[in-house]
file protein-v7.txt (compact mmCIF, C-alpha atoms)
# COMPACT_ATOMS: atom_id res chain seq x y z
CA MET K 13 -94.95 103.25 86.02
CA TYR K 14 -97.65 103.36 83.33
CA LEU K 15 -95.48 105.27 80.87
CA PHE K 16 -92.46 103.11 81.68
CA THR K 17 -94.44 99.91 81.10
CA PHE K 18 -95.88 101.32 77.88
CA ILE K 19 -92.41 102.20 76.56
CA ILE K 20 -91.14 98.69 77.34
CA LEU K 21 -94.09 97.17 75.48
CA ALA K 22 -93.66 99.57 72.55
CA LEU K 23 -89.94 98.86 72.15
CA ALA K 24 -90.51 95.12 72.51
CA SER K 25 -93.24 95.21 69.84
CA LEU K 26 -90.93 97.10 67.48
CA TRP K 27 -88.24 94.48 68.05
CA CYS K 28 -90.65 91.68 67.21
CA LEU K 29 -91.94 93.56 64.19
CA SER K 30 -88.44 93.85 62.75
CA LYS K 31 -86.72 90.70 64.07
CA GLY K 32 -89.54 88.22 64.55
CA ASN K 33 -91.48 86.88 67.53
CA SER K 34 -89.68 85.96 70.74
CA ARG K 35 -91.37 83.66 73.26
CA VAL K 36 -88.83 84.58 75.94
CA LEU K 37 -89.62 88.27 75.51
CA LEU K 38 -93.35 87.55 75.58
CA VAL K 39 -93.05 85.54 78.80
CA PHE K 40 -91.01 88.31 80.41
CA LEU K 41 -93.63 90.90 79.51
CA VAL K 42 -96.48 88.72 80.76
CA VAL K 43 -94.70 88.29 84.11
CA TRP K 44 -94.09 92.05 84.22
CA LEU K 45 -97.79 92.78 83.71
CA ILE K 46 -98.79 90.22 86.34
CA LEU K 47 -96.57 92.01 88.85
CA HIS K 48 -97.75 95.40 87.56
CA ASP K 49 -101.38 94.58 88.41
CA GLY K 50 -100.84 92.12 91.24
CA LEU K 51 -98.52 94.23 93.39
CA ARG K 52 -100.51 97.48 93.15
CA TRP K 53 -101.87 98.97 96.34
CA ALA K 54 -104.59 101.56 96.81
CA CYS K 55 -104.73 102.44 93.13
CA GLY K 56 -107.00 101.52 90.26
CA THR K 57 -110.77 101.67 89.96
CA ASP K 58 -113.00 100.18 92.67
CA TRP K 59 -110.02 99.61 94.98
CA PHE K 60 -111.70 100.35 98.29
CA PRO K 61 -115.01 98.50 97.76
CA TYR K 62 -113.21 95.32 96.69
CA TYR K 63 -110.48 95.59 99.34
CA GLU K 64 -113.00 96.20 102.13
CA TYR K 65 -115.13 93.29 100.98
CA TYR K 66 -112.16 90.93 100.78
CA THR K 67 -111.05 91.71 104.31
CA ASN K 68 -114.54 90.86 105.60
CA CYS K 69 -115.72 88.37 102.99
CA LEU K 70 -116.22 85.50 105.45
CA ASN K 71 -118.71 87.50 107.48
CA GLU K 72 -120.08 90.19 105.19
CA GLU K 73 -122.74 89.92 102.51
CA ARG K 74 -122.46 92.09 99.39
CA ASP K 75 -124.52 92.37 96.26
CA PHE K 76 -121.81 90.70 94.17
CA GLU K 77 -122.22 87.75 91.83
CA ILE K 78 -121.91 84.38 93.55
CA GLY K 79 -118.78 83.38 91.64
CA TYR K 80 -116.84 86.38 92.90
CA ILE K 81 -118.07 85.83 96.45
CA ILE K 82 -116.93 82.20 96.45
CA LEU K 83 -113.56 83.12 94.90
CA ASN K 84 -112.93 85.72 97.60
CA ARG K 85 -113.74 83.29 100.38
CA ILE K 86 -111.58 80.49 98.98
CA ILE K 87 -108.51 82.67 98.42
CA TYR K 88 -109.01 84.48 101.75
CA SER K 89 -109.03 81.13 103.53
CA ILE K 90 -105.93 79.93 101.69
CA SER K 91 -103.91 83.13 102.07
CA GLY K 92 -104.98 84.14 105.55
CA GLY K 93 -106.53 87.34 104.23
CA ASN K 94 -103.56 88.54 102.15
CA TYR K 95 -105.08 90.83 99.50
CA THR K 96 -101.90 91.00 97.44
CA PHE K 97 -102.04 87.23 97.04
CA PHE K 98 -105.62 87.63 95.77
CA LEU K 99 -104.60 90.31 93.26
CA LEU K 100 -101.67 88.23 92.01
CA ILE K 101 -103.97 85.26 91.41
CA ILE K 102 -106.37 87.40 89.39
CA ALA K 103 -103.56 89.06 87.41
CA ALA K 104 -101.94 85.70 86.67
CA PHE K 105 -105.27 84.32 85.46
CA ILE K 106 -105.82 87.33 83.18
CA TYR K 107 -102.40 87.55 81.58
CA CYS K 108 -101.66 83.83 81.36
CA THR K 109 -104.96 83.37 79.54
CA PHE K 110 -104.13 86.17 77.12
CA TYR K 111 -100.63 84.76 76.67
CA LYS K 112 -102.15 81.51 75.41
CA PHE K 113 -104.79 83.36 73.39
CA PHE K 114 -102.24 85.55 71.60
CA GLN K 115 -99.95 82.59 70.98
CA ASN K 116 -102.82 80.84 69.23
CA TYR K 117 -104.32 83.69 67.23
CA SER K 118 -102.00 86.69 66.91
CA PRO K 119 -99.20 86.93 64.31
CA ILE K 120 -97.33 89.34 66.65
CA PRO K 121 -98.21 88.41 70.27
CA VAL K 122 -96.07 91.14 71.85
CA LEU K 123 -97.84 93.84 69.85
CA SER K 124 -101.13 92.28 70.92
CA LEU K 125 -99.98 92.60 74.51
CA LEU K 126 -99.35 96.32 74.01
CA VAL K 127 -102.83 96.89 72.53
CA LEU K 128 -104.31 94.82 75.36
CA TYR K 129 -102.52 96.99 77.93
CA SER K 130 -103.98 100.14 76.38
CA ASN K 131 -107.47 98.63 76.60
CA LEU K 132 -107.25 97.16 80.10
CA LEU K 133 -105.25 99.77 82.04
CA PRO K 134 -108.17 102.23 82.40
CA LEU K 135 -110.20 99.28 83.73
CA MET K 136 -107.56 98.10 86.21
CA GLY K 137 -109.35 97.31 89.45
CA MET K 138 -112.64 96.13 87.95
CA ASN K 139 -111.93 92.66 89.32
CA ARG K 140 -115.24 91.01 88.64
CA GLN K 141 -115.59 92.21 85.09
CA MET K 142 -111.99 91.42 84.17
CA ILE K 143 -112.46 87.83 85.35
CA ALA K 144 -115.65 87.63 83.27
CA VAL K 145 -113.93 89.01 80.17
CA VAL K 146 -111.12 86.48 80.43
CA ILE K 147 -113.53 83.57 80.85
CA CYS K 148 -115.33 84.76 77.72
CA ILE K 149 -111.98 84.80 75.90
CA ILE K 150 -111.52 81.15 76.91
CA SER K 151 -114.84 80.38 75.20
CA VAL K 152 -113.62 81.65 71.81
CA LYS K 153 -112.11 78.27 70.90
CA PHE K 154 -115.55 76.68 71.33
CA ILE K 155 -117.07 79.21 68.93
CA LEU K 156 -114.44 78.53 66.28
CA ASN K 157 -114.93 74.77 66.71
CA ARG K 158 -118.72 75.20 66.67
CA GLN K 159 -119.15 73.61 70.08
CA PHE K 160 -122.29 75.36 71.27
CA VAL K 161 -122.84 73.68 74.64
CA PRO K 162 -119.26 74.12 75.97
CA TRP K 163 -119.33 77.74 74.77
CA LEU K 164 -122.65 78.47 76.45
CA LEU K 165 -121.56 76.85 79.72
CA THR K 166 -118.35 78.90 79.69
CA VAL K 167 -120.21 82.17 79.17
CA MET K 168 -122.62 81.22 81.97
CA VAL K 169 -119.63 80.74 84.26
CA ALA K 170 -118.44 84.22 83.24
CA MET K 171 -121.84 85.62 84.15
CA ILE K 172 -121.57 84.38 87.74
CA PHE K 173 -118.58 86.71 88.07
CA HIS K 174 -120.13 89.69 86.27
CA VAL K 175 -123.56 89.83 84.70
CA SER K 176 -122.27 92.02 81.85
CA ALA K 177 -120.80 88.85 80.31
CA ALA K 178 -124.32 88.30 78.96
CA MET K 179 -123.26 90.63 76.15
CA PHE K 180 -121.00 87.84 74.93
CA LEU K 181 -124.02 85.68 74.21
CA ILE K 182 -124.15 87.19 70.74
CA ALA K 183 -120.62 86.03 69.94
CA TYR K 184 -121.46 82.50 68.87
CA PHE K 185 -123.61 83.81 66.01
CA LEU K 186 -120.96 86.19 64.65
CA ASN K 187 -118.59 83.57 63.27
CA ARG K 188 -119.64 84.23 59.69
CA ASP K 189 -118.90 86.53 56.79
CA ILE K 190 -121.07 89.65 56.72
CA PRO K 191 -121.46 91.19 53.23
CA LEU K 192 -120.15 94.74 52.81
CA LYS K 193 -123.59 96.13 51.95
CA PHE K 194 -124.93 95.02 55.33
CA ILE K 195 -121.92 96.49 57.14
CA ILE K 196 -122.59 99.85 55.48
CA LEU K 197 -126.30 99.55 56.29
CA PHE K 198 -125.66 98.81 59.96
CA ILE K 199 -123.21 101.70 60.28
CA GLY K 200 -125.70 104.05 58.66
CA GLY K 201 -128.47 102.87 60.97
CA ALA K 202 -126.26 103.30 64.05
CA LEU K 203 -125.35 106.87 63.00
CA ILE K 204 -129.01 107.75 62.46
CA ILE K 205 -129.88 106.46 65.95
CA ALA K 206 -126.91 108.32 67.45
CA PHE K 207 -127.77 111.69 65.88
CA SER K 208 -131.50 111.34 66.53
CA GLY K 209 -131.00 111.36 70.30
CA VAL K 210 -133.54 108.60 70.72
CA MET K 211 -131.35 106.72 73.22
CA ASN K 212 -131.79 109.53 75.74
CA LEU K 213 -135.55 108.95 75.62
CA VAL K 214 -135.28 105.36 76.87
CA PRO K 215 -136.46 105.22 80.52
CA ASP K 216 -134.43 103.67 83.36
CA SER K 217 -137.19 101.12 83.81
CA VAL K 218 -136.13 99.33 80.59
CA PHE K 219 -133.86 97.15 82.75
CA SER K 220 -136.79 95.76 84.71
CA ALA K 221 -137.62 93.49 81.77
CA PHE K 222 -134.46 91.52 82.55
CA GLY K 223 -135.21 90.83 86.20
CA ASP K 224 -134.59 92.59 89.51
CA ARG K 225 -130.84 91.96 89.68
CA ILE K 226 -130.02 93.24 86.20
CA SER K 227 -132.48 96.11 86.69
CA SER K 228 -130.69 97.16 89.88
CA ARG K 229 -127.24 96.84 88.28
CA GLY K 230 -128.22 98.70 85.14
CA GLU K 231 -129.79 101.62 86.97
CA THR K 232 -126.82 101.82 89.36
CA TYR K 233 -124.28 101.92 86.53
CA MET K 234 -126.43 104.42 84.65
CA ASN K 235 -126.41 106.76 87.65
CA ILE K 236 -122.70 106.30 88.37
CA ASP K 237 -121.59 106.85 84.79
CA GLN K 238 -123.60 110.03 84.20
CA LYS K 239 -120.49 112.02 85.10
CA PHE K 240 -118.53 110.15 82.42
CA ILE K 241 -120.89 111.00 79.53
CA SER K 242 -118.68 111.85 76.59
CA SER K 243 -118.41 115.26 75.01
CA ALA K 244 -119.04 115.51 71.28
CA PHE K 245 -115.28 115.66 70.67
CA THR K 246 -114.59 112.58 72.77
CA THR K 247 -117.38 110.66 71.05
CA VAL K 248 -116.07 111.55 67.57
CA LEU K 249 -112.51 110.69 68.59
CA GLY K 250 -113.61 107.35 70.02
CA LEU K 251 -115.58 106.57 66.88
CA PHE K 252 -112.57 107.46 64.71
CA LYS K 253 -110.31 105.14 66.72
CA ARG K 254 -112.72 102.31 66.02
CA MET K 255 -113.72 103.08 62.45
CA VAL K 256 -110.15 103.41 61.24
CA TRP K 257 -109.58 99.72 62.06
CA ILE K 258 -112.89 98.70 60.51
CA VAL K 259 -111.92 100.43 57.25
CA LEU K 260 -108.41 98.94 57.20
CA LEU K 261 -109.74 95.47 57.98
CA LEU K 262 -112.19 95.74 55.10
CA LEU K 263 -109.45 96.94 52.75
CA PHE K 264 -107.26 93.95 53.63
CA LYS K 265 -110.12 91.49 54.05
CA LYS K 266 -108.96 89.25 51.18
CA GLN K 267 -105.50 88.77 52.73
CA LEU K 268 -106.84 88.47 56.27
CA SER K 269 -109.43 85.84 55.38
CA VAL K 270 -106.67 83.23 55.57
CA TYR K 271 -106.96 83.53 59.36
CA ARG K 272 -109.59 81.10 60.61
CA SER K 273 -110.56 83.49 63.37
CA PHE K 274 -110.86 86.61 61.20
CA ASN K 275 -114.63 86.67 60.63
CA LEU K 276 -115.42 86.20 64.30
CA PHE K 277 -112.88 88.75 65.54
CA PHE K 278 -113.82 91.35 62.90
CA ASN K 279 -117.53 90.97 63.60
CA MET K 280 -116.98 91.30 67.34
CA LEU K 281 -115.09 94.54 66.82
CA PHE K 282 -117.74 95.72 64.37
CA VAL K 283 -120.60 95.04 66.79
CA GLY K 284 -118.66 96.81 69.53
CA THR K 285 -118.30 99.82 67.21
CA LEU K 286 -122.04 99.85 66.56
CA ILE K 287 -122.74 99.73 70.31
CA TYR K 288 -120.29 102.58 70.88
CA THR K 289 -121.88 104.66 68.12
CA VAL K 290 -125.39 104.21 69.50
CA CYS K 291 -124.62 104.60 73.22
CA SER K 292 -121.72 107.06 73.49
CA GLY K 293 -122.73 110.46 74.80
CA THR K 294 -126.13 109.19 75.99
CA VAL K 295 -127.57 108.04 79.30
CA PHE K 296 -126.31 104.58 78.28
CA GLN K 297 -122.69 105.73 78.49
CA PHE K 298 -122.04 102.95 81.02
CA VAL K 299 -122.49 100.42 78.19
CA VAL K 300 -119.58 102.08 76.40
CA GLY K 301 -117.38 102.03 79.48
CA ARG K 302 -118.28 98.59 80.80
CA GLY K 303 -119.88 96.62 77.99
CA THR K 304 -117.87 97.23 74.84
CA ILE K 305 -114.69 95.73 76.32
CA TYR K 306 -116.06 92.28 75.39
CA PHE K 307 -115.89 93.41 71.76
CA THR K 308 -113.00 95.88 71.51
CA ILE K 309 -110.62 93.39 73.14
CA PHE K 310 -110.30 91.70 69.75
CA GLN K 311 -108.42 94.73 68.45
CA ALA K 312 -105.43 93.20 70.16
CA VAL K 313 -105.32 90.44 67.55
CA LEU K 314 -106.77 92.26 64.55
CA ILE K 315 -104.25 95.11 64.57
CA PRO K 316 -101.21 92.79 64.27
CA MET K 317 -103.06 90.98 61.47
CA ILE K 318 -103.36 94.26 59.54
CA ILE K 319 -99.69 95.11 60.03
CA CYS K 320 -98.63 91.68 58.78
CA ALA K 321 -100.86 92.09 55.72
CA ILE K 322 -98.87 95.15 54.66
CA GLY K 323 -95.99 94.21 52.38
CA LYS K 324 -93.61 97.17 52.60
CA TRP K 325 -91.58 97.70 55.75
CA ASN K 326 -91.94 101.49 55.65
CA TYR K 327 -95.72 101.23 55.64
CA ARG K 328 -95.63 98.67 58.44
CA LEU K 329 -93.48 101.00 60.51
CA LEU K 330 -95.79 103.93 59.81
CA LEU K 331 -98.81 101.95 60.96
CA TRP K 332 -96.90 100.80 64.05
CA VAL K 333 -96.25 104.45 64.95
CA PHE K 334 -99.96 105.13 64.48
CA VAL K 335 -100.83 102.22 66.79
CA ILE K 336 -98.43 103.49 69.44
CA GLY K 337 -99.95 106.97 69.30
CA LEU K 338 -103.55 105.74 69.52
CA SER K 339 -102.68 103.29 72.30
CA TRP K 340 -101.12 105.94 74.50
CA LEU K 341 -104.02 108.29 73.76
CA SER K 342 -106.43 105.55 74.91
CA ILE K 343 -104.48 105.08 78.13
CA SER K 344 -104.12 108.77 78.98
CA ARG K 345 -107.73 109.65 78.22
CA GLY K 346 -108.98 106.49 79.93
CA ILE K 347 -107.23 107.02 83.26
CA ASN K 348 -107.82 110.78 83.19
CA ASN K 349 -111.58 110.15 83.20
CA TYR K 350 -111.16 109.30 86.88
CA PRO K 351 -110.11 111.55 89.75
CA TYR K 352 -106.33 111.98 89.75
CA GLU K 353 -105.75 109.94 92.91
CA VAL K 354 -107.39 106.81 91.47
CA PHE K 355 -104.41 106.05 89.25
CA HIS K 356 -101.76 108.55 90.39
CA PRO K 357 -99.27 107.95 91.71
CA TYR K 358 -98.91 104.26 90.97
CA LYS K 359 -98.50 102.61 94.37
CA THR K 360 -97.41 99.08 95.20
CA VAL K 361 -96.83 96.99 98.31
CA ILE K 362 -93.12 97.49 97.59
CA PHE K 363 -93.03 101.27 97.27
CA SER K 364 -95.43 104.17 96.85
call {"tool": "encode", "arguments": {"input": "protein-v7.txt", "output": "structure tokens"}}
result
Amino acid sequence: MYLFTFIILALASLWCLSKGNSRVLLVFLVVWLILHDGLRWACGTDWFPYYEYYTNCLNEERDFEIGYIILNRIIYSISGGNYTFFLLIIAAFIYCTFYKFFQNYSPIPVLSLLVLYSNLLPLMGMNRQMIAVVICIISVKFILNRQFVPWLLTVMVAMIFHVSAAMFLIAYFLNRDIPLKFIILFIGGALIIAFSGVMNLVPDSVFSAFGDRISSRGETYMNIDQKFISSAFTTVLGLFKRMVWIVLLLLFKKQLSVYRSFNLFFNMLFVGTLIYTVCSGTVFQFVVGRGTIYFTIFQAVLIPMIICAIGKWNYRLLLWVFVIGLSWLSISRGINNYPYEVFHPYKTVIFS
């Protein structure tokens, strides 16, 4: 199912690249992805904890954020405990929001959908965090319009679904042009920190400064994600996948500056790259796996911007092939980080 969906998205993006955008095709693909995520059964990360909680949410207390608890109880009461209905609601919220987001900001929305799929598939099942990410995406329009209070309130709503949304609090201050010399300086500093190994010297107790709840969450994720600490090869590969877009975006910065959203989206991706560089392969690996999604998600819009900035068709096609290769590599490596049975085989309420 994953490969089949990826091929459909790839072919559709090639069609739009050569023939122009198609709203009908985009709507079809959005509906497909809603069904893809909403009709799954017993597959994806965190399936059993979330399923077990949902079936007992009216009577059971869990250490989840209050927003997710309330959402479970409301939908459980409406649906009579149907978990598929719950998953469809979440999937519809995610992909309908991104549909609107890509329509507003991406020059090739279908290609954005493909890049999004490669970013989100390895996270499929992280219900709370996906809801938080999408709410943060909704807040982007407030950043671009310099509406601080609505933006802050929106991010606070995201945080009552997953506390990691606090990472998005930096976003409002990134809607500006950062000079090249500072970009180079920040990258150099991040590399020095990464190679020094200083991050591994930071004690678990660092989270206690942020309160008991965040301390508990941080230490839990740190312990869980120890088994996912990247090898040197994986870290270098991940850094390459990020830096190649940073370099291309800087090369085409003059052309891309016509996009009102460019500075914000570029800076978000850049900050995410710095976080990856500093934390990957350390005891803070969980930040890479769970925190950088708030930043790397903007690749989905930036990559189509780069392709559209290229004049010659042959070069556009070559870059499209490169995007396809990297996207599938992200998917395969992402889902293979988990035990085989977490994602394989893809199972649904229709067939397994």
call {"tool": "atom_distance", "arguments": {"input": "protein-v7.txt", "atom1": "atom CA of Ser339 of chain K", "atom2": "atom CA of Phe110 of chain K"}}
result
17.8 Å
call {"tool": "closest_residue", "arguments": {"input": "protein-v7.txt", "among": "K:Leu23, K:Ile309, K:Leu83, K:Leu99", "to": "Thr360 of chain K", "atoms": "all atoms listed in the file"}}
result
K:Leu99
call {"tool": "closest_residue", "arguments": {"input": "protein-v7.txt", "among": "K:Tyr66, K:Phe40, K:Phe277, K:Tyr327", "to": "Ser91 of chain K", "atoms": "all atoms listed in the file"}}
result
K:Tyr66
call {"tool": "residues_around", "arguments": {"input": "protein-v7.txt", "residues": "Ile20 of chain K", "least_positions_apart": "3", "cutoff": "12 Å", "atoms": "all atoms listed in the file", "output": "ChimeraX atom specification"}}
result
/K:13-17,23-27,37-38,40-42,44-45,122-123,125-126,129,336
call {"tool": "write_last_selection", "arguments": {"input": "protein-v7.txt", "atoms": "C-alpha atoms", "output": "CSV table (one decimal), in the frame of the given file"}}
result
chain,number,residue,atom,x,y,z
K,13,MET,CA,-95.0,103.2,86.0
K,14,TYR,CA,-97.6,103.4,83.3
K,15,LEU,CA,-95.5,105.3,80.9
K,16,PHE,CA,-92.5,103.1,81.7
K,17,THR,CA,-94.4,99.9,81.1
K,23,LEU,CA,-89.9,98.9,72.2
K,24,ALA,CA,-90.5,95.1,72.5
K,25,SER,CA,-93.2,95.2,69.8
K,26,LEU,CA,-90.9,97.1,67.5
K,27,TRP,CA,-88.2,94.5,68.0
K,37,LEU,CA,-89.6,88.3,75.5
K,38,LEU,CA,-93.4,87.6,75.6
K,40,PHE,CA,-91.0,88.3,80.4
K,41,LEU,CA,-93.6,90.9,79.5
K,42,VAL,CA,-96.5,88.7,80.8
K,44,TRP,CA,-94.1,92.0,84.2
K,45,LEU,CA,-97.8,92.8,83.7
K,122,VAL,CA,-96.1,91.1,71.8
K,123,LEU,CA,-97.8,93.8,69.8
K,125,LEU,CA,-100.0,92.6,74.5
K,126,LEU,CA,-99.4,96.3,74.0
K,129,TYR,CA,-102.5,97.0,77.9
K,336,ILE,CA,-98.4,103.5,69.4
call {"tool": "atom_distance", "arguments": {"input": "protein-v7.txt", "atom1": "atom CA of Tyr107 of chain K", "atom2": "atom CA of Leu268 of chain K"}}
result
25.7 Å
call {"tool": "residues_around", "arguments": {"input": "protein-v7.txt", "residues": "segment 193-200 of chain K", "least_positions_apart": "5", "cutoff": "9 Å", "atoms": "all atoms listed in the file", "output": "list in words"}}
result
Ile205, Phe282, Thr285, Leu286 and Thr289 of chain K
call {"tool": "closest_residue", "arguments": {"input": "protein-v7.txt", "among": "K:Gly50, K:Gly337, K:Gly56, K:Pro121", "to": "Val354 of chain K", "atoms": "all atoms listed in the file"}}
result
K:Gly56
call {"tool": "atom_distance", "arguments": {"input": "protein-v7.txt", "atom1": "atom CA of Tyr95 of chain K", "atom2": "atom CA of Ile46 of chain K"}}
result
14.6 Å
call {"tool": "closest_residue", "arguments": {"input": "protein-v7.txt", "among": "K:Tyr352, K:Tyr288, K:Phe185, K:Tyr111", "to": "Arg302 of chain K", "atoms": "all atoms listed in the file"}}
result
K:Tyr288
call {"tool": "residues_near_point", "arguments": {"input": "protein-v7.txt", "point": "(-118.6, 86.9, 90.5)", "cutoff": "8 Å", "atoms": "all atoms listed in the file", "output": "list in words"}}
result
Phe76, Glu77, Ile78, Gly79, Tyr80, Ile81, Ile82, Leu83, Arg140, Ala144, Ala170, Met171, Ile172, Phe173 and His174 of chain K
call {"tool": "closest_residue", "arguments": {"input": "protein-v7.txt", "among": "K:Phe160, K:Tyr117, K:Tyr306, K:Phe334", "to": "Arg272 of chain K", "atoms": "all atoms listed in the file"}}
result
K:Tyr117
call {"tool": "residues_around", "arguments": {"input": "protein-v7.txt", "residues": "Thr304 of chain K", "least_positions_apart": "4", "cutoff": "9 Å", "atoms": "all atoms listed in the file", "output": "mmCIF file with C-alpha atoms, in the frame of the given file"}}
result
data_model
loop_
_atom_site.group_PDB
_atom_site.id
_atom_site.type_symbol
_atom_site.label_atom_id
_atom_site.label_comp_id
_atom_site.auth_asym_id
_atom_site.auth_seq_id
_atom_site.Cartn_x
_atom_site.Cartn_y
_atom_site.Cartn_z
ATOM 1 C CA MET K 179 -123.260 90.630 76.150
ATOM 2 C CA LEU K 281 -115.090 94.540 66.820
ATOM 3 C CA VAL K 283 -120.600 95.040 66.790
ATOM 4 C CA GLY K 284 -118.660 96.810 69.530
ATOM 5 C CA THR K 285 -118.300 99.820 67.210
ATOM 6 C CA ILE K 287 -122.740 99.730 70.310
ATOM 7 C CA TYR K 288 -120.290 102.580 70.880
ATOM 8 C CA VAL K 299 -122.490 100.420 78.190
ATOM 9 C CA VAL K 300 -119.580 102.080 76.400
ATOM 10 C CA THR K 308 -113.000 95.880 71.510
ATOM 11 C CA ILE K 309 -110.620 93.390 73.140
#
call {"tool": "closest_residue", "arguments": {"input": "protein-v7.txt", "among": "K:Met255, K:Ile19, K:Cys320, K:Ile102", "to": "Pro119 of chain K", "atoms": "only C-alpha atoms"}}
result
K:Cys320
call {"tool": "residues_around", "arguments": {"input": "protein-v7.txt", "residues": "Ile120 of chain K", "least_positions_apart": "4", "cutoff": "9 Å", "atoms": "only C-alpha atoms", "output": "mmCIF file with C-alpha atoms, keeping the file's coordinate frame"}}
result
data_model
loop_
_atom_site.group_PDB
_atom_site.id
_atom_site.type_symbol
_atom_site.label_atom_id
_atom_site.label_comp_id
_atom_site.auth_asym_id
_atom_site.auth_seq_id
_atom_site.Cartn_x
_atom_site.Cartn_y
_atom_site.Cartn_z
ATOM 1 C CA SER K 25 -93.240 95.210 69.840
ATOM 2 C CA CYS K 28 -90.650 91.680 67.210
ATOM 3 C CA LEU K 29 -91.940 93.560 64.190
ATOM 4 C CA GLY K 32 -89.540 88.220 64.550
ATOM 5 C CA ASN K 33 -91.480 86.880 67.530
ATOM 6 C CA PHE K 114 -102.240 85.550 71.600
ATOM 7 C CA GLN K 115 -99.950 82.590 70.980
ATOM 8 C CA SER K 124 -101.130 92.280 70.920
ATOM 9 C CA LEU K 125 -99.980 92.600 74.510
ATOM 10 C CA VAL K 313 -105.320 90.440 67.550
ATOM 11 C CA PRO K 316 -101.210 92.790 64.270
ATOM 12 C CA MET K 317 -103.060 90.980 61.470
ATOM 13 C CA CYS K 320 -98.630 91.680 58.780
#
call {"tool": "residues_near_point", "arguments": {"input": "protein-v7.txt", "point": "(-114.2, 95.0, 101.7)", "cutoff": "12 Å", "atoms": "all atoms listed in the file", "output": "PyMOL selection string"}}
result
chain K and resi 58-76+81+84-85+88+93+95
